[in-house]
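> I am sharing query_13.cif, which consists of mmCIF, C-alpha atoms:
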data_data
#
loop_
_atom_site.label_atom_id
_atom_site.label_comp_id
_atom_site.auth_asym_id
_atom_site.auth_seq_id
_atom_site.Cartn_x
_atom_site.Cartn_y
_atom_site.Cartn_z
CA MET A 83 -4.19 -6.62 16.45
CA THR A 84 -1.84 -3.73 17.17
CA PRO A 85 -3.12 -0.12 17.26
CA ALA A 86 -1.28 0.61 13.98
CA VAL A 87 -3.02 -2.24 12.16
CA LEU A 88 -6.37 -1.26 13.69
CA ILE A 89 -6.03 2.32 12.45
CA ALA A 90 -4.86 1.13 9.02
CA VAL A 91 -7.88 -1.13 8.55
CA LEU A 92 -10.24 1.65 9.63
CA ILE A 93 -8.58 3.92 7.06
CA ALA A 94 -9.08 1.20 4.43
CA ALA A 95 -12.76 0.98 5.36
CA LEU A 96 -13.10 4.75 5.02
CA LEU A 97 -11.32 4.69 1.64
CA HIS A 98 -13.66 1.95 0.39
CA ALA A 99 -16.73 3.91 1.42
CA GLY A 100 -15.07 7.04 0.07
CA TRP A 101 -14.58 5.79 -3.49
CA ASN A 102 -18.24 4.77 -3.54
CA ALA A 103 -19.10 8.29 -2.41
CA VAL A 104 -16.97 9.70 -5.24
CA ILE A 105 -19.03 7.71 -7.77
CA LYS A 106 -22.10 9.56 -6.45
CA THR A 107 -20.64 12.99 -7.20
CA GLY A 108 -20.44 15.07 -10.35
CA LEU A 109 -20.57 13.35 -13.70
CA SER A 110 -22.58 10.38 -14.94
CA LYS A 111 -22.31 7.40 -12.60
CA GLN A 112 -21.36 5.09 -15.48
CA SER A 113 -18.75 7.60 -16.73
CA ALA A 114 -17.32 7.77 -13.23
CA MET A 115 -17.21 3.98 -13.12
CA PHE A 116 -15.46 3.92 -16.52
CA VAL A 117 -12.74 6.24 -15.20
CA LEU A 118 -12.48 4.19 -12.00
CA SER A 119 -12.17 0.96 -13.99
CA THR A 120 -9.50 2.48 -16.26
CA THR A 121 -7.54 3.75 -13.26
CA GLN A 122 -7.70 0.36 -11.57
CA ALA A 123 -6.46 -1.24 -14.79
CA LEU A 124 -3.42 1.07 -14.84
CA PHE A 125 -2.63 0.26 -11.20
CA GLY A 126 -3.24 -3.42 -11.92
CA LEU A 127 -0.94 -3.46 -14.94
CA ALA A 128 1.83 -1.75 -12.97
CA LEU A 129 1.41 -4.40 -10.26
CA ALA A 130 1.18 -7.33 -12.70
CA LEU A 131 4.37 -6.40 -14.54
CA THR A 132 6.33 -6.79 -11.30
CA GLN A 133 5.12 -10.38 -10.87
CA PRO A 134 5.67 -13.67 -12.72
CA PHE A 135 3.33 -14.15 -15.68
CA PRO A 136 0.30 -16.25 -14.62
CA ALA A 137 0.21 -19.89 -15.63
CA PRO A 138 -2.30 -20.96 -18.31
CA ALA A 139 -4.54 -22.44 -15.60
CA ALA A 140 -5.07 -18.95 -14.16
CA TRP A 141 -6.58 -17.34 -17.23
CA PRO A 142 -10.04 -19.00 -17.16
CA TRP A 143 -10.42 -17.78 -13.57
CA ILE A 144 -9.22 -14.29 -14.49
CA ALA A 145 -11.60 -14.15 -17.47
CA ALA A 146 -14.55 -15.35 -15.37
CA SER A 147 -13.81 -12.86 -12.61
CA ALA A 148 -13.43 -9.99 -15.12
CA LEU A 149 -16.94 -10.70 -16.42
CA VAL A 150 -18.38 -10.79 -12.89
CA HIS A 151 -16.57 -7.55 -12.01
CA MET A 152 -18.12 -5.98 -15.10
CA ALA A 153 -21.56 -6.96 -13.83
CA TYR A 154 -20.70 -5.57 -10.39
CA GLN A 155 -19.62 -2.21 -11.81
CA LEU A 156 -22.72 -1.92 -14.00
CA PHE A 157 -25.14 -2.85 -11.21
CA LEU A 158 -23.46 -0.57 -8.67
CA ALA A 159 -23.45 2.48 -10.93
CA TYR A 160 -27.09 1.87 -11.92
CA ALA A 161 -28.00 1.55 -8.23
CA TYR A 162 -26.34 4.89 -7.42
CA GLU A 163 -28.32 6.49 -10.25
CA GLN A 164 -31.50 5.43 -8.45
CA GLY A 165 -30.71 5.72 -4.74
CA ASP A 166 -28.72 7.15 -1.87
CA LEU A 167 -25.20 6.11 -0.94
CA SER A 168 -26.42 5.44 2.61
CA ARG A 169 -29.09 3.08 1.27
CA VAL A 170 -27.37 1.32 -1.64
CA TYR A 171 -23.98 0.68 -0.04
CA PRO A 172 -25.18 -1.23 3.06
CA ILE A 173 -27.46 -3.45 0.97
CA ALA A 174 -24.81 -4.20 -1.66
CA ARG A 175 -21.97 -4.61 0.81
CA GLY A 176 -23.90 -6.41 3.54
CA THR A 177 -25.72 -8.97 1.41
CA ALA A 178 -22.57 -10.31 -0.27
CA PRO A 179 -20.97 -11.99 2.82
CA MET A 180 -24.26 -13.75 3.57
CA ILE A 181 -24.43 -15.12 0.01
CA VAL A 182 -20.79 -16.23 0.11
CA LEU A 183 -21.27 -18.01 3.43
CA LEU A 184 -24.43 -19.80 2.29
CA VAL A 185 -22.83 -20.91 -1.00
CA SER A 186 -19.75 -22.12 0.88
CA ILE A 187 -21.93 -24.18 3.22
CA LEU A 188 -24.14 -25.63 0.49
CA PHE A 189 -21.58 -26.33 -2.22
CA LEU A 190 -18.10 -26.22 -0.67
CA SER A 191 -18.87 -28.47 2.33
CA ASP A 192 -17.90 -25.82 4.85
CA PRO A 193 -19.35 -26.42 8.35
CA LEU A 194 -21.73 -23.84 9.85
CA ALA A 195 -20.81 -22.61 13.32
CA SER A 196 -23.49 -21.25 15.66
CA HIS A 197 -22.12 -17.69 15.54
CA GLU A 198 -22.23 -17.83 11.72
CA LEU A 199 -25.86 -18.90 11.85
CA TRP A 200 -26.68 -15.99 14.14
CA GLY A 201 -24.68 -13.71 11.88
CA ILE A 202 -26.83 -14.74 8.90
CA VAL A 203 -30.01 -14.13 10.89
CA ILE A 204 -28.89 -10.68 12.06
CA LEU A 205 -27.59 -9.81 8.59
CA GLY A 206 -30.91 -10.81 7.06
CA CYS A 207 -32.83 -8.65 9.55
CA GLY A 208 -30.62 -5.65 8.86
CA ILE A 209 -30.88 -6.00 5.08
CA ALA A 210 -34.66 -6.50 5.25
CA LEU A 211 -34.99 -3.40 7.43
CA MET A 212 -32.80 -1.38 5.04
CA ALA A 213 -34.82 -2.55 2.03
CA ARG A 214 -38.10 -1.86 3.85
CA GLY A 215 -36.92 1.71 4.37
CA VAL A 216 -36.94 2.18 0.59
CA LEU A 217 -40.60 1.18 0.42
CA THR A 218 -41.72 3.33 3.36
CA SER A 219 -39.73 6.51 2.70
CA GLY A 220 -40.79 7.17 -0.87
CA GLU A 221 -37.41 6.35 -2.43
CA SER A 222 -37.11 4.80 -5.88
CA ARG A 223 -37.75 1.09 -5.64
CA ARG A 224 -35.62 0.57 -8.74
CA LEU A 225 -32.49 0.79 -6.60
CA LEU A 226 -33.26 -2.53 -4.91
CA PRO A 227 -32.73 -4.94 -7.83
CA PHE A 228 -29.56 -3.09 -8.83
CA ALA A 229 -28.21 -3.06 -5.25
CA PHE A 230 -28.95 -6.76 -4.83
CA GLY A 231 -27.44 -7.40 -8.27
CA ALA A 232 -24.25 -5.67 -7.11
CA ALA A 233 -24.30 -7.82 -3.97
CA MET A 234 -24.67 -11.03 -5.98
CA ALA A 235 -21.82 -9.96 -8.27
CA THR A 236 -19.66 -9.16 -5.22
CA ALA A 237 -20.36 -12.61 -3.83
CA GLY A 238 -19.61 -14.10 -7.26
CA TYR A 239 -16.22 -12.50 -7.72
CA THR A 240 -15.32 -13.20 -4.09
CA LEU A 241 -15.87 -16.92 -4.66
CA VAL A 242 -14.23 -16.94 -8.11
CA ASP A 243 -11.20 -14.95 -6.93
CA GLY A 244 -10.78 -17.04 -3.81
CA LEU A 245 -10.81 -20.28 -5.77
CA GLY A 246 -8.81 -18.80 -8.64
CA ALA A 247 -6.04 -17.42 -6.43
CA ARG A 248 -5.80 -20.76 -4.66
CA ALA A 249 -5.61 -22.63 -7.95
CA THR A 250 -2.92 -20.38 -9.43
CA GLY A 251 -0.83 -19.61 -6.35
CA GLU A 252 0.08 -16.12 -7.64
CA SER A 253 -2.38 -13.80 -5.92
CA LEU A 254 -0.73 -10.45 -6.81
CA ALA A 255 -0.33 -11.28 -10.50
CA TYR A 256 -3.87 -12.65 -10.49
CA VAL A 257 -5.33 -9.43 -9.06
CA GLY A 258 -3.25 -7.23 -11.36
CA TRP A 259 -4.34 -8.93 -14.58
CA LEU A 260 -7.89 -9.18 -13.25
CA MET A 261 -8.09 -5.39 -12.99
CA VAL A 262 -6.87 -5.09 -16.58
CA GLY A 263 -9.36 -7.68 -17.79
CA ALA A 264 -12.27 -6.06 -15.94
CA ALA A 265 -11.60 -2.73 -17.67
CA LEU A 266 -11.33 -4.42 -21.06
CA VAL A 267 -14.80 -5.97 -20.74
CA TYR A 268 -16.52 -3.10 -18.89
CA THR A 269 -15.68 -0.45 -21.48
CA PRO A 270 -17.33 -2.12 -24.51
CA ALA A 271 -20.26 -3.18 -22.34
CA ILE A 272 -21.05 0.34 -21.16
CA VAL A 273 -20.55 1.77 -24.66
CA ALA A 274 -23.06 -0.76 -25.98
CA LEU A 275 -25.55 0.19 -23.25
CA ARG A 276 -25.07 3.97 -23.10
CA GLY A 277 -23.24 4.97 -26.28
CA ARG A 278 -19.83 6.55 -26.78
CA ALA A 279 -20.89 9.68 -24.89
CA VAL A 280 -20.16 7.84 -21.64
CA LEU A 281 -16.46 7.89 -22.57
CA ARG A 282 -16.36 11.68 -22.97
CA VAL A 283 -15.14 12.78 -19.57
CA SER A 284 -14.01 16.26 -18.56
CA PRO A 285 -10.61 16.85 -16.91
CA ARG A 286 -12.47 17.29 -13.61
CA GLY A 287 -14.21 13.97 -14.21
CA TRP A 288 -10.87 12.25 -14.77
CA ALA A 289 -9.53 13.83 -11.60
CA VAL A 290 -12.55 12.57 -9.65
CA GLY A 291 -12.26 9.09 -11.17
CA LEU A 292 -8.53 8.94 -10.52
CA ALA A 293 -9.15 9.84 -6.88
CA ALA A 294 -11.73 7.04 -6.63
CA GLY A 295 -9.37 4.57 -8.30
CA ALA A 296 -6.52 5.50 -5.98
CA ALA A 297 -8.81 5.13 -2.95
CA SER A 298 -10.02 1.73 -4.18
CA PHE A 299 -6.51 0.47 -4.83
CA GLY A 300 -5.22 1.90 -1.54
CA ALA A 301 -8.03 0.25 0.43
CA TYR A 302 -7.24 -3.12 -1.16
CA ALA A 303 -3.49 -2.77 -0.54
CA ILE A 304 -4.00 -1.84 3.11
CA VAL A 305 -6.31 -4.79 3.75
CA VAL A 306 -3.90 -7.24 2.11
CA TRP A 307 -1.04 -5.85 4.24
CA ALA A 308 -3.17 -5.98 7.39
CA MET A 309 -3.96 -9.65 6.79
CA THR A 310 -0.25 -10.38 7.05
CA ARG A 311 -0.12 -8.70 10.47
CA ALA A 312 -3.41 -9.77 12.10
CA PRO A 313 -5.97 -12.60 11.89
CA ILE A 314 -7.76 -12.56 8.52
CA ALA A 315 -11.20 -12.98 10.09
CA LEU A 316 -10.61 -10.03 12.42
CA VAL A 317 -9.43 -7.80 9.57
CA GLY A 318 -12.40 -8.84 7.43
CA ALA A 319 -14.91 -8.07 10.16
CA LEU A 320 -13.33 -4.70 11.02
CA ARG A 321 -13.28 -3.71 7.36
CA GLU A 322 -17.08 -3.88 7.27
CA THR A 323 -17.16 -0.68 9.32
CA SER A 324 -17.10 0.80 5.80
CA ILE A 325 -20.89 0.39 5.88
CA LEU A 326 -21.13 2.84 8.78
CA PHE A 327 -18.71 5.21 7.05
CA ALA A 328 -20.87 5.14 3.89
CA VAL A 329 -24.01 5.93 5.90
CA LEU A 330 -22.24 8.84 7.62
CA LEU A 331 -20.78 10.17 4.34
CA GLY A 332 -24.21 10.09 2.73
CA TRP A 333 -25.71 11.96 5.65
CA LEU A 334 -22.95 14.55 6.10
CA PHE A 335 -21.97 15.32 2.51
CA PHE A 336 -25.00 14.45 0.37
CA GLY A 337 -27.75 15.55 2.74
CA GLU A 338 -29.32 12.09 2.68
CA ARG A 339 -32.07 11.43 5.16
CA MET A 340 -30.93 9.74 8.35
CA ASP A 341 -33.69 8.18 10.41
CA ARG A 342 -33.66 5.65 13.21
CA SER A 343 -34.60 2.78 10.91
CA LYS A 344 -31.66 3.36 8.57
CA ALA A 345 -29.20 3.72 11.46
CA VAL A 346 -30.44 0.54 13.17
CA ALA A 347 -30.35 -1.39 9.87
CA ALA A 348 -26.75 -0.33 9.24
CA LEU A 349 -25.70 -1.39 12.74
CA LEU A 350 -27.43 -4.77 12.34
CA ILE A 351 -25.68 -5.36 9.02
CA VAL A 352 -22.26 -4.55 10.51
CA ALA A 353 -22.97 -6.77 13.54
CA GLY A 354 -24.14 -9.63 11.33
CA VAL A 355 -21.11 -9.43 9.07
CA GLY A 356 -18.87 -9.31 12.12
CA LEU A 357 -20.38 -12.51 13.49
CA THR A 358 -20.00 -14.34 10.18
CA ARG A 359 -16.32 -13.35 10.02
CA LEU A 360 -15.37 -14.38 13.57
#
Mind converting the file's structure to structure tokens?

Amino acid sequence: MTPAVLIAVLIAALLHAGWNAVIKTGLSKQSAMFVLSTTQALFGLALALTQPFPAPAAWPWIAASALVHMAYQLFLAYAYEQGDLSRVYPIARGTAPMIVLLVSILFLSDPLASHELWGIVILGCGIALMARGVLTSGESRRLLPFAFGAAMATAGYTLVDGLGARATGESLAYVGWLMVGAALVYTPAIVALRGRAVLRVSPRGWAVGLAAGAASFGAYAIVVWAMTRAPIALVGALRETSILFAVLLGWLFFGERMDRSKAVAALLIVAGVGLTRL
């Protein structure tokens, strides 16, 4: 990996943590997620229109992934309503690779290497320590099911998108239409849950959401580019430094409590993910 690619992936990790931090600021978390989803759909449509139209076989995968993305967005926003960025993000982001790896081993006949086994063990310890911190520090325990729900949804769309992109052979068109589909199902879902008031967003709220959407799209684009210049596993592992960035952003900008337990848990999660991606 060249220094340029290394720096680019670190910037992508910071952008990914950054758009999660943006969701924590200002307006309603679900309203912020609505704006983010709409922005991603606009970027996705612009991308999709430059690509060949997906074959009929792609649409069931796109529809399934859009539904899972909707669940991810709902769970993540609910989690941020209940807990800190530096607590929710590591749990949601760190648990997903462990779920994906276990499902791949159990149902996709993928072999388990020794470093992957150790990665799962270390990941599990880090996540357990992070979750234990919620119970011992007086934080709302309601964040845990939502954070783990976001993690399960992340694992779900990772598996669906991986299989769907392989089946269709048009990854850019797939991702573009996926973003459009996710916005189309998220919007009616959040209106049904929270009412039409969630759609009333101030100009500042749109600006914040647009910034988050641009950061999300930019992070994805950088990672895809980096995977054409360096080993995929190395890029994937380095990208998980976003967990550390999220913990630091929560501490520096939101005044979230930073104790030894939280710091150690975040480091264990990053180390575990790194081992599973080697």
> Assuming 4 Å of padding per side, give the centre and edge lengths of the axis-aligned box around every listed atom of segment 131-148 of chain A, in Å to one decimal and as lines of an AutoDock Vina configuration file.

center_x = -4.1
center_y = -14.4
center_z = -14.6
size_x = 28.9
size_y = 24.0
size_z = 15.4
> Sorted by chain and rising residue number, which residues of segment 89-194 of chain A lie within 9 Å of segment 241-262 of chain A, and what are their closest atom pairs and distances in Å to one decimal, counting all atoms listed in the file, as a Markdown table?

| residue | atom | partner | partner_atom | distance |
| --- | --- | --- | --- | --- |
| A:Ser119 | CA | A:Met261 | CA | 7.6 |
| A:Thr120 | CA | A:Val262 | CA | 8.0 |
| A:Gln122 | CA | A:Met261 | CA | 5.9 |
| A:Ala123 | CA | A:Val262 | CA | 4.3 |
| A:Leu124 | CA | A:Val262 | CA | 7.3 |
| A:Phe125 | CA | A:Gly258 | CA | 7.5 |
| A:Gly126 | CA | A:Gly258 | CA | 3.9 |
| A:Leu127 | CA | A:Gly258 | CA | 5.7 |
| A:Ala128 | CA | A:Gly258 | CA | 7.6 |
| A:Leu129 | CA | A:Gly258 | CA | 5.6 |
| A:Ala130 | CA | A:Gly258 | CA | 4.6 |
| A:Leu131 | CA | A:Ala255 | CA | 7.9 |
| A:Thr132 | CA | A:Ala255 | CA | 8.1 |
| A:Gln133 | CA | A:Ala255 | CA | 5.5 |
| A:Pro134 | CA | A:Ala255 | CA | 6.8 |
| A:Phe135 | CA | A:Ala255 | CA | 7.0 |
| A:Pro136 | CA | A:Ala255 | CA | 6.5 |
| A:Ala137 | CA | A:Thr250 | CA | 7.0 |
| A:Pro138 | CA | A:Thr250 | CA | 8.9 |
| A:Ala139 | CA | A:Thr250 | CA | 6.7 |
| A:Ala140 | CA | A:Thr250 | CA | 5.4 |
| A:Trp141 | CA | A:Tyr256 | CA | 8.6 |
| A:Pro142 | CA | A:Gly246 | CA | 8.6 |
| A:Trp143 | CA | A:Gly246 | CA | 5.3 |
| A:Ile144 | CA | A:Leu260 | CA | 5.4 |
| A:Ala145 | CA | A:Leu260 | CA | 7.5 |
| A:Ala146 | CA | A:Val242 | CA | 7.4 |
| A:Ser147 | CA | A:Val242 | CA | 6.1 |
| A:Ala148 | CA | A:Leu260 | CA | 5.9 |
| A:Val150 | CA | A:Val242 | CA | 8.8 |
| A:His151 | CA | A:Met261 | CA | 8.8 |
| A:Val182 | CA | A:Leu241 | CA | 6.9 |
| A:Val185 | CA | A:Leu241 | CA | 8.8 |
| A:Ser186 | CA | A:Leu241 | CA | 8.5 |
> Find the residues of segment 189-289 of chain A that sit at most 10 Å from segment 336-352 of chain A; for each, write down the nearest two atoms and how far apart they are in Å, to one decimal. Count all atoms listed in the file. Sort by chain, then by number going up, and give it as a tab-separated table.

residue	atom	partner	partner_atom	distance
A:Gly201	CA	A:Ile351	CA	8.9
A:Ile202	CA	A:Ile351	CA	9.5
A:Val203	CA	A:Leu350	CA	9.8
A:Ile204	CA	A:Leu350	CA	6.1
A:Leu205	CA	A:Ile351	CA	4.9
A:Gly206	CA	A:Ile351	CA	7.8
A:Cys207	CA	A:Leu350	CA	7.2
A:Gly208	CA	A:Ala347	CA	4.4
A:Ile209	CA	A:Ile351	CA	6.6
A:Ala210	CA	A:Ala347	CA	8.1
A:Leu211	CA	A:Ala347	CA	5.6
A:Met212	CA	A:Ala347	CA	5.4
A:Ala213	CA	A:Ala347	CA	9.1
A:Arg214	CA	A:Ser343	CA	9.1
A:Gly215	CA	A:Lys344	CA	6.9
A:Val216	CA	A:Lys344	CA	9.6
A:Ser219	CA	A:Arg339	CA	9.4
> Mind pulling up the distance from atom CA of Ile173 of chain A to atom CA of Ser196 of chain A?
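Result for atom CA of Ser196 of chain A versus atom CA of Ile173 of chain A: 23.4 Å, one decimal.
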> I need every residue sitting at most 7 Å from the point (-21.8, -3.4, -3.7) (coordinates as in the file, only C-alpha atoms considered), written as a VMD selection string.
chain A and resid 158 171 174 to 175 229 232 to 233 236
> List the neighbours of Ala99 of chain A out to 12 Å using all atoms listed in the file; skip same-chain residues closer than 4 positions along the sequence, and give me the result as a PDB file with C-alpha atoms, keeping the file's coordinate frame.

ATOM      1  CA  LEU A  92     -10.240   1.650   9.630  1.00  0.00           C
ATOM      2  CA  ILE A  93      -8.580   3.920   7.060  1.00  0.00           C
ATOM      3  CA  ALA A  94      -9.080   1.200   4.430  1.00  0.00           C
ATOM      4  CA  ALA A  95     -12.760   0.980   5.360  1.00  0.00           C
ATOM      5  CA  ALA A 103     -19.100   8.290  -2.410  1.00  0.00           C
ATOM      6  CA  VAL A 104     -16.970   9.700  -5.240  1.00  0.00           C
ATOM      7  CA  ILE A 105     -19.030   7.710  -7.770  1.00  0.00           C
ATOM      8  CA  LYS A 106     -22.100   9.560  -6.450  1.00  0.00           C
ATOM      9  CA  LEU A 167     -25.200   6.110  -0.940  1.00  0.00           C
ATOM     10  CA  SER A 168     -26.420   5.440   2.610  1.00  0.00           C
ATOM     11  CA  VAL A 170     -27.370   1.320  -1.640  1.00  0.00           C
ATOM     12  CA  TYR A 171     -23.980   0.680  -0.040  1.00  0.00           C
ATOM     13  CA  PRO A 172     -25.180  -1.230   3.060  1.00  0.00           C
ATOM     14  CA  ALA A 174     -24.810  -4.200  -1.660  1.00  0.00           C
ATOM     15  CA  ARG A 175     -21.970  -4.610   0.810  1.00  0.00           C
ATOM     16  CA  ALA A 294     -11.730   7.040  -6.630  1.00  0.00           C
ATOM     17  CA  ALA A 297      -8.810   5.130  -2.950  1.00  0.00           C
ATOM     18  CA  SER A 298     -10.020   1.730  -4.180  1.00  0.00           C
ATOM     19  CA  ALA A 301      -8.030   0.250   0.430  1.00  0.00           C
ATOM     20  CA  ARG A 321     -13.280  -3.710   7.360  1.00  0.00           C
ATOM     21  CA  GLU A 322     -17.080  -3.880   7.270  1.00  0.00           C
ATOM     22  CA  THR A 323     -17.160  -0.680   9.320  1.00  0.00           C
ATOM     23  CA  SER A 324     -17.100   0.800   5.800  1.00  0.00           C
ATOM     24  CA  ILE A 325     -20.890   0.390   5.880  1.00  0.00           C
ATOM     25  CA  LEU A 326     -21.130   2.840   8.780  1.00  0.00           C
ATOM     26  CA  PHE A 327     -18.710   5.210   7.050  1.00  0.00           C
ATOM     27  CA  ALA A 328     -20.870   5.140   3.890  1.00  0.00           C
ATOM     28  CA  VAL A 329     -24.010   5.930   5.900  1.00  0.00           C
ATOM     29  CA  LEU A 330     -22.240   8.840   7.620  1.00  0.00           C
ATOM     30  CA  LEU A 331     -20.780  10.170   4.340  1.00  0.00           C
ATOM     31  CA  GLY A 332     -24.210  10.090   2.730  1.00  0.00           C
TER      32      GLY A 332
END
> In Å, how far is it from atom CA of Leu149 of chain A to atom CA of Tyr239 of chain A?
8.9 Å
> Enter the distance from atom CA of Ala161 of chain A to atom CA of Ala178 of chain A, in Å, rounded to one decimal.
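Going from atom CA of Ala161 of chain A over to atom CA of Ala178 of chain A covers 15.3 Å.
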> If you count all atoms listed in the file, which residues fall within 7 Å of Leu357 of chain A, apart from same-chain ones fewer than 4 positions away, as a ChimeraX atom specification?
/A:197-198,201,353
